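Structure data follow from protein01.txt (compact mmCIF, C-alpha atoms):
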# COMPACT_ATOMS: atom_id res chain seq x y z
CA MET A 281 89.37 10.45 -56.72
CA ASN A 282 91.72 13.40 -57.19
CA LEU A 283 91.85 16.46 -54.95
CA LEU A 284 89.93 18.73 -57.34
CA LYS A 285 87.01 16.29 -57.53
CA ILE A 286 86.93 16.00 -53.74
CA ILE A 287 86.85 19.80 -53.37
CA ALA A 288 84.05 20.08 -55.98
CA LEU A 289 82.04 17.38 -54.20
CA LEU A 290 82.44 19.05 -50.82
CA THR A 291 81.41 22.40 -52.34
CA CYS A 292 78.24 20.82 -53.75
CA ILE A 293 77.43 19.31 -50.35
CA VAL A 294 77.88 22.67 -48.62
CA VAL A 295 75.77 24.54 -51.16
CA SER A 296 72.98 21.93 -51.26
CA SER A 297 72.84 21.68 -47.48
CA HIS A 298 72.01 25.38 -47.35
CA ALA A 299 69.47 25.30 -50.20
CA ARG A 300 66.75 25.30 -47.54
CA GLU A 301 67.57 28.97 -46.86
CA PHE A 302 66.02 30.02 -50.18
CA LEU A 303 62.31 30.22 -50.90
CA ILE A 304 63.38 30.93 -54.50
CA LYS A 305 66.91 29.80 -55.24
CA PRO A 306 69.14 32.34 -57.02
CA TYR A 307 68.65 32.58 -60.77
CA PRO A 308 70.27 35.00 -63.25
CA LEU A 309 68.64 37.46 -65.63
CA ILE A 310 70.39 39.56 -68.26
CA ASN A 311 69.10 43.05 -69.03
CA GLU A 312 69.30 45.31 -72.11
CA ASN A 313 72.73 46.60 -71.08
CA GLY A 314 74.20 43.11 -70.84
CA GLU A 315 74.26 43.32 -67.04
CA ILE A 316 73.58 40.21 -64.99
CA LEU A 317 71.06 40.30 -62.16
CA ILE A 318 71.00 37.55 -59.54
CA ASN A 319 67.47 37.18 -58.14
CA PHE A 320 66.46 35.26 -55.01
CA LYS A 321 64.06 35.03 -52.07
CA LEU A 322 64.96 33.87 -48.57
CA LYS A 323 62.91 31.86 -46.10
CA GLU A 324 64.52 33.68 -43.17
CA ASP A 325 66.36 36.97 -42.78
CA ALA A 326 70.07 36.47 -43.40
CA VAL A 327 73.32 38.44 -43.57
CA LEU A 328 75.00 37.65 -46.87
CA SER A 329 77.95 38.68 -48.99
CA ILE A 330 77.85 38.46 -52.79
CA ALA A 331 81.19 38.46 -54.59
CA ASN A 332 83.19 37.20 -57.52
CA SER A 333 84.89 33.99 -56.46
CA ASN A 334 88.35 35.52 -56.97
CA LYS A 335 87.33 38.40 -54.64
CA GLU A 336 88.60 40.92 -57.20
CA SER A 337 85.23 42.59 -57.51
CA LEU A 338 83.01 42.57 -54.46
CA VAL A 339 79.38 43.09 -55.39
CA ALA A 340 78.19 43.77 -51.85
CA GLU A 341 79.72 43.73 -48.39
CA TYR A 342 77.91 41.66 -45.80
CA LYS A 343 74.43 43.10 -45.38
CA GLU A 344 71.07 41.94 -44.15
CA TYR A 345 68.58 40.55 -46.65
CA LYS A 346 64.96 40.24 -45.54
CA LYS A 347 62.88 37.13 -46.02
CA GLU A 348 60.05 37.02 -48.55
CA SER A 349 61.34 40.06 -50.52
CA LEU A 350 62.62 39.33 -54.02
CA HIS A 351 66.22 40.55 -54.02
CA LYS A 352 67.65 41.65 -57.38
CA ILE A 353 71.41 42.03 -57.21
CA ASN A 354 72.95 43.71 -60.26
CA ILE A 355 76.49 42.36 -60.59
CA GLY A 356 77.18 44.42 -63.70
CA SER A 357 78.56 43.39 -67.07
CA LEU A 358 80.68 40.26 -67.16
CA ASN A 359 84.39 41.04 -67.38
CA CYS A 360 86.29 38.69 -69.69
CA LEU A 361 89.50 39.21 -67.71
CA PHE A 362 88.23 37.60 -64.51
CA PRO A 363 86.50 34.33 -63.60
CA LYS A 364 82.73 34.44 -64.01
CA ARG A 365 81.99 32.61 -60.79
CA ILE A 366 79.65 34.27 -58.30
CA GLU A 367 79.42 33.24 -54.65
CA ILE A 368 76.85 34.10 -51.99
CA THR A 369 78.25 33.56 -48.50
CA GLU A 370 76.23 33.49 -45.28
CA LYS A 371 78.02 35.49 -42.56
CA LEU A 372 77.10 33.54 -39.43
CA SER A 373 78.33 30.16 -40.67
CA ARG A 374 80.79 31.55 -43.25
CA THR A 375 79.46 28.96 -45.72
CA ILE A 376 78.78 29.39 -49.42
CA VAL A 377 75.03 29.10 -49.98
CA TYR A 378 75.12 29.70 -53.75
CA GLN A 379 77.85 29.36 -56.31
CA ALA A 380 77.51 29.74 -60.07
CA THR A 381 79.73 30.01 -63.12
CA LEU A 382 78.12 32.42 -65.57
CA PRO A 383 78.33 32.03 -69.39
CA GLU A 384 81.66 33.31 -70.68
CA SER A 385 80.35 34.21 -74.12
CA LEU A 386 78.11 36.92 -72.65
CA CYS A 387 81.20 39.01 -71.91
CA ARG A 388 82.49 39.08 -75.49
CA LYS A 389 80.69 42.23 -76.57
CA TYR A 390 82.70 44.13 -73.96
CA ASP A 391 86.08 42.79 -75.09
CA THR A 392 87.00 44.18 -78.51
CA GLU A 393 90.29 42.30 -78.68
CA ARG A 394 88.52 38.96 -78.35
CA LEU A 395 85.84 40.04 -80.79
CA THR A 396 88.44 40.38 -83.53
CA SER A 397 90.49 37.33 -82.59
CA GLU A 398 87.81 34.71 -81.89
CA SER A 399 84.85 33.26 -83.68
CA LYS A 400 81.74 33.93 -81.63
CA ARG A 401 79.56 30.96 -80.74
CA TYR A 402 76.30 31.09 -78.80
CA VAL A 403 74.48 28.03 -77.52
CA PHE A 404 71.04 28.50 -76.02
CA GLY A 405 67.88 26.62 -75.18
CA PHE A 406 64.30 27.24 -76.29
CA MET A 407 61.08 26.18 -74.58
CA SER A 408 57.58 27.47 -73.89
CA ASP A 409 54.40 26.99 -71.89
CA THR A 410 55.93 25.75 -68.63
CA GLN A 411 52.54 26.34 -67.01
CA GLU A 412 50.10 24.13 -65.15
CA TYR A 413 51.49 20.58 -64.80
CA LYS A 414 54.51 20.28 -62.51
CA GLU A 415 55.26 16.70 -63.49
CA ARG A 416 55.49 17.70 -67.17
CA HIS A 417 57.78 20.63 -66.40
CA ASN A 418 59.87 18.29 -64.23
CA SER A 419 60.29 15.83 -67.11
CA VAL A 420 61.55 18.57 -69.44
CA ALA A 421 63.78 19.97 -66.68
CA LYS A 422 65.49 16.56 -66.47
CA VAL A 423 66.14 16.61 -70.22
CA ILE A 424 67.68 20.08 -69.94
CA LYS A 425 69.82 19.13 -66.96
CA ASP A 426 71.12 16.08 -68.80
CA LEU A 427 72.02 18.23 -71.81
CA GLN A 428 73.79 20.69 -69.49
CA THR A 429 76.20 17.92 -68.50
CA GLN A 430 77.26 17.81 -72.15
CA MET A 431 77.25 21.53 -73.00
CA SER A 432 76.74 24.90 -71.35
CA PHE A 433 73.98 27.27 -72.40
CA ASP A 434 74.48 31.02 -72.65
CA PHE A 435 70.79 31.56 -71.88
CA ILE A 436 67.41 29.84 -72.16
CA LEU A 437 64.53 31.39 -74.10
CA ASN A 438 61.00 30.84 -72.76
CA ALA A 439 58.25 31.90 -75.18
CA GLY A 440 55.75 32.62 -72.42
CA ASP A 441 52.85 31.20 -70.43
CA VAL A 442 55.52 30.69 -67.83
CA VAL A 443 52.74 30.02 -65.32
CA GLN A 444 49.05 29.21 -65.63
CA ASP A 445 47.74 32.20 -63.66
CA GLY A 446 50.06 35.18 -63.78
CA ASP A 447 48.57 36.82 -60.68
CA VAL A 448 49.11 33.79 -58.39
CA GLU A 449 52.48 34.21 -56.69
CA GLN A 450 52.71 30.60 -55.54
CA GLN A 451 52.74 29.47 -59.17
CA TRP A 452 55.83 31.60 -59.78
CA ILE A 453 57.48 30.10 -56.71
CA ASP A 454 56.63 26.61 -58.02
CA PHE A 455 58.04 27.48 -61.45
CA PHE A 456 61.37 28.60 -59.99
CA ASP A 457 61.49 25.58 -57.69
CA ILE A 458 61.48 23.25 -60.70
CA SER A 459 63.54 25.45 -63.02
CA ALA A 460 66.27 25.90 -60.40
CA THR A 461 67.83 22.70 -61.78
CA TYR A 462 68.53 24.34 -65.15
CA LEU A 463 68.55 28.09 -64.34
CA HIS A 464 71.19 27.80 -61.60
CA ASP A 465 73.83 29.58 -63.68
CA THR A 466 71.96 30.15 -66.96
CA PRO A 467 70.04 33.40 -67.56
CA ILE A 468 66.40 33.11 -68.58
CA ILE A 469 64.97 35.39 -71.29
CA ALA A 470 61.18 35.25 -71.47
CA ALA A 471 58.34 36.59 -73.60
CA ILE A 472 54.97 37.40 -72.04
CA GLY A 473 52.24 34.82 -72.60
CA ASN A 474 48.50 35.40 -72.36
CA HIS A 475 48.37 33.32 -69.15
CA ASP A 476 51.05 35.52 -67.63
CA TYR A 477 48.58 38.41 -68.01
CA ARG A 478 45.84 36.74 -65.97
CA GLY A 479 44.63 39.01 -63.17
CA SER A 480 46.82 41.93 -64.25
CA LYS A 481 43.82 44.29 -64.58
CA GLY A 482 44.82 46.16 -67.72
CA ALA A 483 48.55 46.42 -67.04
CA LYS A 484 50.71 46.50 -70.17
CA LEU A 485 53.45 44.64 -68.31
CA PRO A 486 51.97 42.08 -65.85
CA PRO A 487 53.15 42.92 -62.29
CA LEU A 488 54.42 39.47 -61.29
CA PHE A 489 55.99 38.83 -64.69
CA LYS A 490 57.84 42.13 -64.30
CA LYS A 491 58.81 41.29 -60.74
CA TYR A 492 60.36 37.93 -61.59
CA LEU A 493 61.45 38.23 -65.23
CA ARG A 494 62.18 41.90 -65.82
CA TRP A 495 63.92 44.68 -63.86
CA GLU A 496 63.75 48.34 -62.92
CA ASN A 497 63.29 50.52 -66.03
CA ALA A 498 62.44 47.53 -68.23
CA GLU A 499 60.74 48.48 -71.53
CA LYS A 500 57.15 49.40 -70.63
CA TYR A 501 55.43 46.93 -72.98
CA GLY A 502 57.63 43.99 -72.03
CA ASN A 503 59.78 44.03 -75.18
CA PHE A 504 63.46 43.23 -74.84
CA ALA A 505 66.51 43.53 -77.09
CA LEU A 506 69.76 41.73 -76.29
CA ASN A 507 72.66 42.85 -78.48
CA LEU A 508 75.40 40.22 -78.52
CA GLY A 509 77.43 41.71 -81.36
CA GLU A 510 77.33 38.61 -83.54
CA LEU A 511 73.62 38.21 -82.85
CA LYS A 512 70.60 40.12 -81.59
CA ILE A 513 67.72 38.52 -79.69
CA LEU A 514 64.46 40.46 -79.96
CA VAL A 515 61.61 39.60 -77.59
CA PHE A 516 58.32 41.05 -78.83
CA ASN A 517 55.08 41.24 -76.82
CA SER A 518 52.56 39.64 -79.17
CA ASN A 519 49.53 40.20 -76.90
CA PHE A 520 47.96 42.81 -79.17
CA PHE A 521 44.61 42.47 -77.39
CA ARG A 522 46.22 44.44 -74.53
CA LEU A 523 47.17 47.43 -76.70
CA ASP A 524 45.38 50.44 -78.15
CA LYS A 525 46.31 51.95 -81.53
CA LYS A 526 48.90 54.35 -80.12
CA GLU A 527 50.55 51.56 -78.17
CA GLU A 528 50.61 49.33 -81.25
CA LYS A 529 52.34 52.15 -83.11
CA ASP A 530 54.94 52.46 -80.33
CA MET A 531 55.58 48.71 -80.52
CA LEU A 532 56.08 48.79 -84.29
CA ILE A 533 58.44 51.78 -84.03
CA TRP A 534 60.52 49.81 -81.49
CA PHE A 535 60.53 46.72 -83.69
CA ASN A 536 61.48 48.59 -86.86
CA TYR A 537 64.23 50.51 -85.08
CA HIS A 538 66.03 47.42 -83.83
CA LEU A 539 65.78 45.60 -87.15
CA ARG A 540 66.99 48.67 -89.04
CA GLU A 541 70.01 49.00 -86.72
CA SER A 542 70.82 45.31 -87.06
CA LYS A 543 70.66 45.51 -90.85
CA LYS A 544 73.15 48.39 -90.80
CA ASN A 545 75.54 46.24 -88.79
CA ASP A 546 74.93 43.07 -90.82
CA GLN A 547 73.74 41.51 -87.56
CA PRO A 548 71.43 38.47 -87.65
CA VAL A 549 68.27 38.67 -85.54
CA ILE A 550 66.29 35.92 -83.83
CA LEU A 551 62.74 36.92 -82.88
CA LEU A 552 60.87 35.53 -79.86
CA THR A 553 57.09 35.97 -79.44
CA HIS A 554 54.44 34.10 -77.49
CA PHE A 555 51.74 33.81 -80.15
CA PRO A 556 52.91 31.99 -83.28
CA ILE A 557 52.42 33.83 -86.55
CA PHE A 558 51.87 30.60 -88.49
CA SER A 559 50.63 27.38 -86.91
CA SER A 560 48.05 24.62 -87.22
CA SER A 561 46.00 26.04 -84.37
CA ILE A 562 43.93 29.18 -84.09
CA ASN A 563 40.94 30.09 -81.92
CA LYS A 564 38.67 33.01 -81.12
CA PHE A 565 40.68 33.96 -78.05
CA THR A 566 43.91 34.60 -79.95
CA SER A 567 42.90 35.14 -83.56
CA MET A 568 42.97 38.95 -83.31
CA SER A 569 46.56 38.99 -82.06
CA VAL A 570 47.65 36.42 -84.63
CA GLN A 571 45.97 38.25 -87.51
CA LYS A 572 47.67 41.49 -86.49
CA LEU A 573 51.01 39.72 -86.31
CA ARG A 574 50.49 38.48 -89.86
CA ARG A 575 49.43 41.88 -91.21
CA LYS A 576 51.89 44.08 -89.36
CA ILE A 577 54.88 41.97 -88.35
CA VAL A 578 55.37 39.56 -91.26
CA PRO A 579 56.07 42.36 -93.81
CA ILE A 580 58.76 43.71 -91.46
CA ILE A 581 60.21 40.23 -90.91
CA GLU A 582 60.47 39.73 -94.66
CA LYS A 583 61.78 43.23 -95.32
CA TYR A 584 64.69 42.72 -92.93
CA ASN A 585 65.23 39.04 -93.75
CA VAL A 586 64.65 37.67 -90.24
CA LYS A 587 65.30 33.96 -90.69
CA ILE A 588 64.24 32.53 -87.30
CA VAL A 589 61.00 33.31 -85.43
CA LEU A 590 60.37 31.39 -82.19
CA SER A 591 57.00 31.09 -80.47
CA GLY A 592 54.82 28.92 -78.23
CA HIS A 593 51.16 29.01 -77.16
CA THR A 594 49.63 26.25 -79.31
CA HIS A 595 51.06 23.34 -77.24
CA MET A 596 52.10 21.62 -80.48
CA TYR A 597 55.61 21.46 -81.86
CA GLU A 598 55.61 22.80 -85.40
CA ARG A 599 57.99 24.28 -87.94
CA SER A 600 56.78 26.38 -90.85
CA LEU A 601 58.56 28.05 -93.76
CA LYS A 602 57.38 31.16 -95.57
CA LYS A 603 59.75 32.64 -98.10
CA ASN A 604 63.11 32.59 -96.26
CA SER A 605 61.75 32.70 -92.69
CA HIS A 606 61.47 29.65 -90.43
CA TYR A 607 58.70 29.84 -87.84
CA ILE A 608 59.35 27.40 -84.98
CA VAL A 609 56.66 26.74 -82.37
CA ALA A 610 57.72 24.92 -79.21
CA GLY A 611 55.72 22.04 -77.84
CA PRO A 612 54.61 22.57 -74.24
CA ALA A 613 57.14 22.19 -71.43
CA GLY A 614 54.45 21.93 -68.79
CA GLY A 615 51.04 22.45 -70.35
CA ARG A 616 48.84 19.82 -71.97
CA VAL A 617 49.34 18.83 -75.62
CA ASN A 618 46.79 19.94 -78.23
CA SER A 619 45.52 18.79 -81.62
CA PRO A 620 45.48 20.73 -84.91
CA THR A 621 42.44 22.92 -85.55
CA TRP A 622 43.63 24.85 -88.60
CA LYS A 623 45.19 24.16 -91.99
CA ASN A 624 48.63 25.77 -92.02
CA LYS A 625 49.83 25.86 -95.62
CA TYR A 626 53.36 26.79 -94.54
CA SER A 627 53.83 23.84 -92.19
CA VAL A 628 56.79 21.55 -92.97
CA TYR A 629 56.90 19.55 -89.73
CA LEU A 630 54.26 18.98 -87.03
CA ASN A 631 54.27 16.83 -83.90
CA GLU A 632 51.34 17.46 -81.57
CA GLU A 633 52.14 14.64 -79.14
CA VAL A 634 55.36 15.77 -77.43
CA LEU A 635 56.77 18.08 -74.80
CA THR A 636 59.86 19.76 -76.24
CA PHE A 637 63.13 21.52 -75.55
CA SER A 638 65.32 22.80 -78.38
CA VAL A 639 69.08 23.39 -78.39
CA MET A 640 70.13 26.19 -80.73
CA THR A 641 73.59 27.26 -81.84
CA VAL A 642 74.68 30.35 -83.75
CA GLU A 643 78.23 30.62 -85.05
CA ASN A 644 79.58 32.63 -87.99
CA GLY A 645 76.03 33.51 -89.01
CA VAL A 646 74.89 29.87 -89.19
CA PHE A 647 71.94 28.69 -87.08
CA GLU A 648 71.61 25.05 -86.04
CA MET A 649 68.81 23.46 -84.00
CA LYS A 650 68.04 20.09 -82.45
CA THR A 651 64.66 19.59 -80.79
CA TYR A 652 64.27 16.96 -78.08
CA ASP A 653 61.13 15.37 -76.67
CA GLU A 654 60.59 14.53 -72.99
CA ASN A 655 62.47 11.26 -73.49
CA SER A 656 65.59 13.04 -74.81
CA LYS A 657 64.93 11.82 -78.35
CA VAL A 658 65.77 14.20 -81.20
CA ILE A 659 62.56 14.76 -83.17
CA ASP A 660 63.56 17.63 -85.47
CA GLN A 661 66.67 19.38 -86.80
CA LEU A 662 67.40 22.49 -88.83
CA LYS A 663 70.51 24.22 -90.19
CA VAL A 664 70.29 27.54 -92.02
CA SER A 665 72.36 30.64 -92.75
CA LEU A 666 71.01 33.71 -90.95
CA ARG A 667 72.27 36.10 -93.61
Structure encoded using C-alpha cells:
Amino acid sequence: MNLLKIIALLTCIVVSSHAREFLIKPYPLINENGEILINFKLKEDAVLSIANSNKESLVAEYKEYKKESLHKINIGSLNCLFPKRIEITEKLSRTIVYQATLPESLCRKYDTERLTSESKRYVFGFMSDTQEYKERHNSVAKVIKDLQTQMSFDFILNAGDVVQDGDVEQQWIDFFDISATYLHDTPIIAAIGNHDYRGSKGAKLPPLFKKYLRWENAEKYGNFALNLGELKILVFNSNFFRLDKKEEKDMLIWFNYHLRESKKNDQPVILLTHFPIFSSSINKFTSMSVQKLRRKIVPIIEKYNVKIVLSGHTHMYERSLKKNSHYIVAGPAGGRVNSPTWKNKYSVYLNEEVLTFSVMTVENGVFEMKTYDENSKVIDQLKVSLR
C-alpha cells in the first residue's frame, strides 16, 4: 500500500471516529447564486474551524457552535483556481471531523476562460419519495454509493416527499442519517412534495422543508433556479392546492421569466416538479394540481421547447412523451410501490414494481439517462438533444 493510500485511510478513520459528534452530518446545498452552504447539527456544543483544505480561504475562525441548532455555513461560490476540499476541524482535539471534495463543475460559470476552452459536462442523480420506509431508502442509498465509486455527481435532484410527515423533525433527522452516505460532498436540490407540507398550517413554504433544504431569502413559494451556463435547472412548486389565484399568477410569471431568459441564451432547461404532469396514476387528492399543471404549464413547456420534465409522487417509474417533451417520473426511493389507476396515452415505458435512482448527464446540449432499480440493474435509458 503506497503512502497516499495510507494517508487517505487514516483520514477516513479520523473522520469516521468523530462522526458521533453530529446529530445531522454535514451536507451541502447550492443556492440561486451558486454559493455552497454546508449544513449540520451537533450532538454537543463544539468549537470548530471551517476552511478550505489548502487554507487559502478560511471560512470561519474557530468559534463555538451550539448543539441542536442547524448551522448553515455559506462558503461562497466555488473558485476554480483552488482545491474544492472543505475541512471542519474540532479545536480541542485538533482533528478533522468532516472533509469533503465539492463538485468542480459547479465553479465553471465563474471562470470565463474555462467556459470558452472546455466542454461543459454535468452528471447528476435523480430520485423521489424518500419518505416512510427506512429500509427502502437504505437500499437505494447503497445503489447511489456504489455508483459514486465509479463517477462523481455534481448534485442530486429529489422530486419531493422527502419525508412522510413534513412537520415531524425526527423524520428529517432520519432522512439525513441515511442520505449522509451519498450527500457527503454532493449538493441536494429538492422540490416540495405534498407530504413535506403536512402540518405546515397554510405556509407556502413548509417550515422544516425551508429549514433543511432552503436558505435565508429563498424564493417564497419554494421555487428554485440554478443557472449553470450550459444548463438551467428549474424547480417548480407544483402544489397548486396551496395557492390562491394571485399566487398562481406570481408562480407563472416566475416560470415564464426563467424560460424566456434561457431561450434568449440558447440555454437548455430541465424542469423538476413533485406532481407528474402525465402519468398512469391520478386521484382525488392530487387531480386539481395535476389538471392545473396540464392547463397552465404544458403550453409553456411546449412554447419554450423544454425537453426534460422530472417528477415523482406516483411511486411508479414511468416515462411519457408528448410532442418533443419527455416526462420522467421516478419510482419511489423509500415509499411503497403503487399500481396504475389511469390510462396515460403518452406513456412509453412503465414499471410499477421498482425503487429507482437515475443517473443523468448533460454535455454539449445532449441529455443521457440510465435508470437503476434497487438491485443496481439498468431498467431504462434515454438519449435526446435538449435543443
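Of the listed residues A:Ala439, A:His464, A:Ile550, A:Asp457, the one whose atoms come nearest to Gln379 (chain A) is A:His464, with distances taken using only C-alpha atoms.
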Report as an NGL selection string all protein, DNA and RNA residues lying within 6 Å of region 514-530 of chain A, evaluated on all atoms listed in the file, omitting residues in the same chain fewer than 2 positions from it.
:A and (471 or 503-505 or 532-533 or 551-553 or 555 or 569)
Using only C-alpha atoms, please write the residues we just selected to a file, as a short mmCIF file (atom, residue, chain, number, x, y, z; two decimals), in the frame of the given file.
data_model
loop_
_atom_site.label_atom_id
_atom_site.label_comp_id
_atom_site.auth_asym_id
_atom_site.auth_seq_id
_atom_site.Cartn_x
_atom_site.Cartn_y
_atom_site.Cartn_z
CA ALA A 471 58.34 36.59 -73.60
CA ASN A 503 59.78 44.03 -75.18
CA PHE A 504 63.46 43.23 -74.84
CA ALA A 505 66.51 43.53 -77.09
CA LEU A 532 56.08 48.79 -84.29
CA ILE A 533 58.44 51.78 -84.03
CA LEU A 551 62.74 36.92 -82.88
CA LEU A 552 60.87 35.53 -79.86
CA THR A 553 57.09 35.97 -79.44
CA PHE A 555 51.74 33.81 -80.15
CA SER A 569 46.56 38.99 -82.06
#
Could you list, with a cut-off of 12 Å and counting only C-alpha atoms, the residues of region 423-523 of chain A near region 321-330 of chain A, each shown with its nearest atom pair and the distance in Å rounded to one decimal, rows sorted by chain and ascending number, as CSV?
residue,atom,partner,partner_atom,distance
A:Trp452,CA,A:Lys321,CA,11.8
A:Ile453,CA,A:Lys321,CA,9.4
A:Phe456,CA,A:Lys321,CA,10.6
A:Asp457,CA,A:Lys321,CA,11.3
A:Lys491,CA,A:Lys321,CA,11.9
A:Tyr492,CA,A:Lys321,CA,10.6
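The closest residue to Pro612 (chain A), picked from A:Gln450, A:Asn311, A:Ser373, A:Ser419 and counting all atoms listed in the file, is A:Ser419.
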Within 10 Å of region 578-583 of chain A, which residues of region 438-553 of chain A show up? Give each one with its shortest atom-to-atom distance in Å (one decimal) and the two atoms involved, counting all atoms listed in the file, rows by chain then rising residue number, as a tab-separated table.
residue	atom	partner	partner_atom	distance
A:Leu532	CA	A:Ile580	CA	9.2
A:Phe535	CA	A:Ile580	CA	8.5
A:Asn536	CA	A:Ile580	CA	7.2
A:Leu539	CA	A:Ile580	CA	8.5
A:Arg540	CA	A:Lys583	CA	9.8
A:Val549	CA	A:Ile581	CA	9.8
A:Leu551	CA	A:Ile581	CA	9.0
Emit the selected residues as a tab-separated table (two decimals), in the frame of the given file, including C-alpha atoms.
chain	number	residue	atom	x	y	z
A	532	LEU	CA	56.08	48.79	-84.29
A	535	PHE	CA	60.53	46.72	-83.69
A	536	ASN	CA	61.48	48.59	-86.86
A	539	LEU	CA	65.78	45.60	-87.15
A	540	ARG	CA	66.99	48.67	-89.04
A	549	VAL	CA	68.27	38.67	-85.54
A	551	LEU	CA	62.74	36.92	-82.88
Can you list, as an mmCIF file with C-alpha atoms, keeping the file's coordinate frame, every protein, DNA or RNA residue that comes within 7 Å of region 630-635 of chain A when you count all atoms listed in the file, leaving out same-chain residues fewer than 4 positions away?
data_model
loop_
_atom_site.group_PDB
_atom_site.id
_atom_site.type_symbol
_atom_site.label_atom_id
_atom_site.label_comp_id
_atom_site.auth_asym_id
_atom_site.auth_seq_id
_atom_site.Cartn_x
_atom_site.Cartn_y
_atom_site.Cartn_z
ATOM 1 C CA MET A 596 52.100 21.620 -80.480
ATOM 2 C CA TYR A 597 55.610 21.460 -81.860
ATOM 3 C CA GLU A 598 55.610 22.800 -85.400
ATOM 4 C CA ARG A 599 57.990 24.280 -87.940
ATOM 5 C CA GLY A 611 55.720 22.040 -77.840
ATOM 6 C CA PRO A 612 54.610 22.570 -74.240
ATOM 7 C CA ALA A 613 57.140 22.190 -71.430
ATOM 8 C CA VAL A 617 49.340 18.830 -75.620
ATOM 9 C CA ASN A 618 46.790 19.940 -78.230
ATOM 10 C CA SER A 619 45.520 18.790 -81.620
ATOM 11 C CA ASP A 653 61.130 15.370 -76.670
ATOM 12 C CA GLU A 654 60.590 14.530 -72.990
#
Output: region 334-383 of chain A of the preceding structure, restricted to C-alpha atoms, written as an mmCIF file, in the first residue's frame.
data_model
loop_
_atom_site.group_PDB
_atom_site.id
_atom_site.type_symbol
_atom_site.label_atom_id
_atom_site.label_comp_id
_atom_site.auth_asym_id
_atom_site.auth_seq_id
_atom_site.Cartn_x
_atom_site.Cartn_y
_atom_site.Cartn_z
ATOM 1 C CA ASN A 334 -5.316 24.481 1.312
ATOM 2 C CA LYS A 335 -6.014 27.155 3.978
ATOM 3 C CA GLU A 336 -6.081 29.841 1.273
ATOM 4 C CA SER A 337 -9.602 30.889 2.126
ATOM 5 C CA LEU A 338 -10.689 30.498 5.721
ATOM 6 C CA VAL A 339 -14.459 30.360 6.014
ATOM 7 C CA ALA A 340 -14.552 30.844 9.776
ATOM 8 C CA GLU A 341 -12.011 31.108 12.575
ATOM 9 C CA TYR A 342 -12.509 28.778 15.500
ATOM 10 C CA LYS A 343 -15.869 29.574 17.067
ATOM 11 C CA GLU A 344 -18.409 27.847 19.235
ATOM 12 C CA TYR A 345 -21.289 26.023 17.588
ATOM 13 C CA LYS A 346 -24.250 25.085 19.775
ATOM 14 C CA LYS A 347 -25.819 21.646 19.826
ATOM 15 C CA GLU A 348 -29.240 21.021 18.319
ATOM 16 C CA SER A 349 -29.196 24.221 16.192
ATOM 17 C CA LEU A 350 -28.994 23.697 12.438
ATOM 18 C CA HIS A 351 -25.853 25.537 11.353
ATOM 19 C CA LYS A 352 -25.785 26.843 7.773
ATOM 20 C CA ILE A 353 -22.290 27.887 6.761
ATOM 21 C CA ASN A 354 -22.114 29.783 3.468
ATOM 22 C CA ILE A 355 -18.694 29.078 1.970
ATOM 23 C CA GLY A 356 -19.393 31.208 -1.092
ATOM 24 C CA SER A 357 -19.015 30.402 -4.771
ATOM 25 C CA LEU A 358 -16.531 27.705 -5.682
ATOM 26 C CA ASN A 359 -13.282 29.122 -7.030
ATOM 27 C CA CYS A 360 -11.848 27.133 -9.928
ATOM 28 C CA LEU A 361 -8.315 28.226 -9.049
ATOM 29 C CA PHE A 362 -8.191 26.448 -5.691
ATOM 30 C CA PRO A 363 -8.954 22.929 -4.442
ATOM 31 C CA LYS A 364 -12.620 22.368 -3.632
ATOM 32 C CA ARG A 365 -11.970 20.463 -0.434
ATOM 33 C CA ILE A 366 -13.633 21.699 2.749
ATOM 34 C CA GLU A 367 -12.498 20.680 6.226
ATOM 35 C CA ILE A 368 -14.187 21.098 9.601
ATOM 36 C CA THR A 369 -11.682 20.844 12.440
ATOM 37 C CA GLU A 370 -12.513 20.437 16.126
ATOM 38 C CA LYS A 371 -10.319 22.750 18.232
ATOM 39 C CA LEU A 372 -9.844 20.698 21.397
ATOM 40 C CA SER A 373 -8.516 17.571 19.660
ATOM 41 C CA ARG A 374 -7.290 19.353 16.507
ATOM 42 C CA THR A 375 -8.873 16.548 14.467
ATOM 43 C CA ILE A 376 -10.762 16.820 11.197
ATOM 44 C CA VAL A 377 -14.392 15.863 11.840
ATOM 45 C CA TYR A 378 -15.616 16.442 8.271
ATOM 46 C CA GLN A 379 -13.830 16.567 4.962
ATOM 47 C CA ALA A 380 -15.413 16.845 1.528
ATOM 48 C CA THR A 381 -14.375 17.481 -2.052
ATOM 49 C CA LEU A 382 -17.075 19.541 -3.751
ATOM 50 C CA PRO A 383 -18.028 19.162 -7.448
#
